[in-house]
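These notes are about the structure you will find just below.
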Amino acid sequence: NRSAPEPQNSEPVPQPTAPVKPLAEVPADSRPVIAAFGDSISAGFGVEPGKSFPDDLQRLIDQAGYRYRVVNLGVSGDTTTDGLERVPTLLAIHPAIVILEFGGNDGLRGLPVTSAEKNLAQIVEALQKAHARVLLAGMTLPRNYGPEYIQTFDRIYTDLANKYQIARIPFLLEGVGGHPELTQPDGIHPTSEGAEIVASNVMKYLQPLLSR
């Protein structure tokens with residue numbers, strides 16, 4: 001009897017392999033979030049990446065030994081209406097503290113003060129409902145807008161702070177506005193040196209809200 005031919009196997013026989021070690025997972029950043037929620041001042045318009053006031057604020061927070069992560073949610077050109085529309089994006093990151101910096105573009109465009117105040121009020125209410133603490137950044141306008149409009153505009157921030165019992169920075173650009181060497185050619189936006197002063201202004205009023 002002829003023996004049956006051995007089967008020809010063109011496929012290599014698989015060899016047992018050592019189990020692949022999973023890549024080490026990058027630990028999630030568990031620090032509470034401080035959101036800089038505003039317009040071009042927060043966004044760092046006109047300065048190099050890493051030179052906005054939220055970037056400088058993170059450095060000040062780290063140097064002081066606090067464990068918080070500053071998230072920059074500034075968008076250049078945003079009005080209070082735009083900010084209100086972006087509240088769901090803000091709430092999605094579950095901020096512990098929000099530096100609320102809107103209104104400048106409303107004022108510069110001559111939009112109704114009552115509308116800006118209503119929008120800011122709705123933002124504050126949404127944040128308080130989500131148990132986020134609010135630091136309201138006060139702004140003002142160039143003197144050529146007229147004393148009546150400026151006074152009405154400035155009062156938005158004091159009225160909101162009193163109504164909702166929230167912390168307020170009287171004027172975010174204190175020590176920067178009106179100083180040509182610290183502002184860009186538009187006379188409004190801080191330079192990188194100006195942004196450092198803005199961060200110091202913020203830290204002064206933010207620190208009482210921080211915990212170790």
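Within each chain, counting starts at residue 1; across the structure tokens, chains are named A, B, ... in the order shown, with ligands numbered 1 upward in that order.
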
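Those residues that approach A:Phe171 to within 9 Å, counting only C-alpha atoms, are A:Ala137, A:Gly138, A:Met139, A:Thr140, A:Arg168, A:Glu174, A:Asn201; same-chain residues fewer than 3 positions away are not listed.
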
(request) Would you list the contacts of A:Thr89 as a PyMOL selection string, taking every protein, DNA or RNA residue within 10 Å and counting only C-alpha atoms, but skipping same-chain residues closer than 5 positions in sequence? (result) chain A and resi 73+83+94

Any chance you could export the current selection's N, CA, C and O atoms as a PDB file, in the first residue's frame?
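Generated file (part-v9.pdb):
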```pdb
ATOM      1  N   LEU A  73     -10.857  79.737  27.718  1.00  0.00           N
ATOM      2  CA  LEU A  73     -12.037  79.681  26.849  1.00  0.00           C
ATOM      3  C   LEU A  73     -12.353  81.078  26.328  1.00  0.00           C
ATOM      4  O   LEU A  73     -13.517  81.466  26.222  1.00  0.00           O
ATOM      5  N   GLY A  83     -21.095  84.796  24.421  1.00  0.00           N
ATOM      6  CA  GLY A  83     -20.744  84.089  25.644  1.00  0.00           C
ATOM      7  C   GLY A  83     -21.891  83.248  26.158  1.00  0.00           C
ATOM      8  O   GLY A  83     -21.702  82.092  26.561  1.00  0.00           O
ATOM      9  N   HIS A  94     -16.955  71.296  33.590  1.00  0.00           N
ATOM     10  CA  HIS A  94     -17.225  71.302  35.036  1.00  0.00           C
ATOM     11  C   HIS A  94     -16.264  72.218  35.809  1.00  0.00           C
ATOM     12  O   HIS A  94     -15.523  71.761  36.694  1.00  0.00           O
TER      13      HIS A  94
END
```

(message) Excluding A:Leu160 and its own-chain neighbours fewer than 5 positions away, which residues fall within 12 Å of it when counting only C-alpha atoms? Please give them as number ranges by chain.
(response) A: 100, 114, 116-125, 134-138, 153-155, 165-168

(request) Go through A:Arg31, A:His189, A:Lys163, A:Lys51 one by one, measure the shortest atom-to-atom distance of each to A:Gly104 using only C-alpha atoms, and give the residue with the smallest value. (result) A:His189

Could you write out, as a compact mmCIF listing (two decimals) with C-alpha atoms, in the first residue's frame, all the residues of stretch 62-155 of chain A that DSSP marks as strand (DSSP E or B)?
```txt
# COMPACT_ATOMS: atom_id res chain seq x y z
CA ARG A 69 -5.74 73.98 36.08
CA VAL A 70 -6.51 77.15 34.13
CA VAL A 71 -8.45 76.52 30.92
CA ASN A 72 -8.57 79.35 28.38
CA LEU A 73 -12.04 79.68 26.85
CA GLY A 74 -11.51 83.15 25.42
CA ILE A 97 -14.27 78.74 39.28
CA VAL A 98 -15.06 80.91 36.26
CA ILE A 99 -13.35 84.22 35.52
CA LEU A 100 -16.20 85.87 33.61
CA GLU A 101 -14.76 88.43 31.19
CA ARG A 133 -17.90 80.12 41.74
CA VAL A 134 -17.79 83.28 39.65
CA LEU A 135 -15.17 86.03 39.54
CA LEU A 136 -16.60 88.87 37.47
CA ALA A 137 -14.05 90.93 35.55
```

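Relative to atom CA of A:His179, atom CA of A:Val202 is found at 18.2 Å.
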
(request) DSSP on the backbone, then: every residue of stretch 93-156 of chain A marked alpha helix (DSSP H), written as JSON, numbers by chain. (result) {"A": [104, 105, 106, 107, 108, 113, 114, 115, 116, 117, 118, 119, 120, 121, 122, 123, 124, 125, 126, 127, 128, 129, 147, 148, 149, 150, 151, 152, 153, 154, 155, 156]}

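As for atom CA of A:Tyr205 and atom CA of A:Leu57, they are spaced 11.8 Å apart.
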
(message) When you look at A:Tyr149 with a cut-off of 12 Å (counting only C-alpha atoms), what residues show up, excluding the ones that are within fewer than 2 positions of it in the same chain? I need them as a PyMOL selection string.
(response) chain A and resi 106-114+140-147+151-156

(request) Tell me, in Å to one decimal, how far atom CA of A:Ser76 is from atom CA of A:Asp39. (result)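 Result for atom CA of A:Ser76 versus atom CA of A:Asp39: 4.8 Å, one decimal.
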
(request) Rank nothing, just name the residue among A:Pro185, A:Pro95, A:Pro208, A:Gly103 nearest to A:Ile41, using only C-alpha atoms. (result)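 Looking only at the distances to A:Ile41, the closest residue turns out to be A:Gly103.
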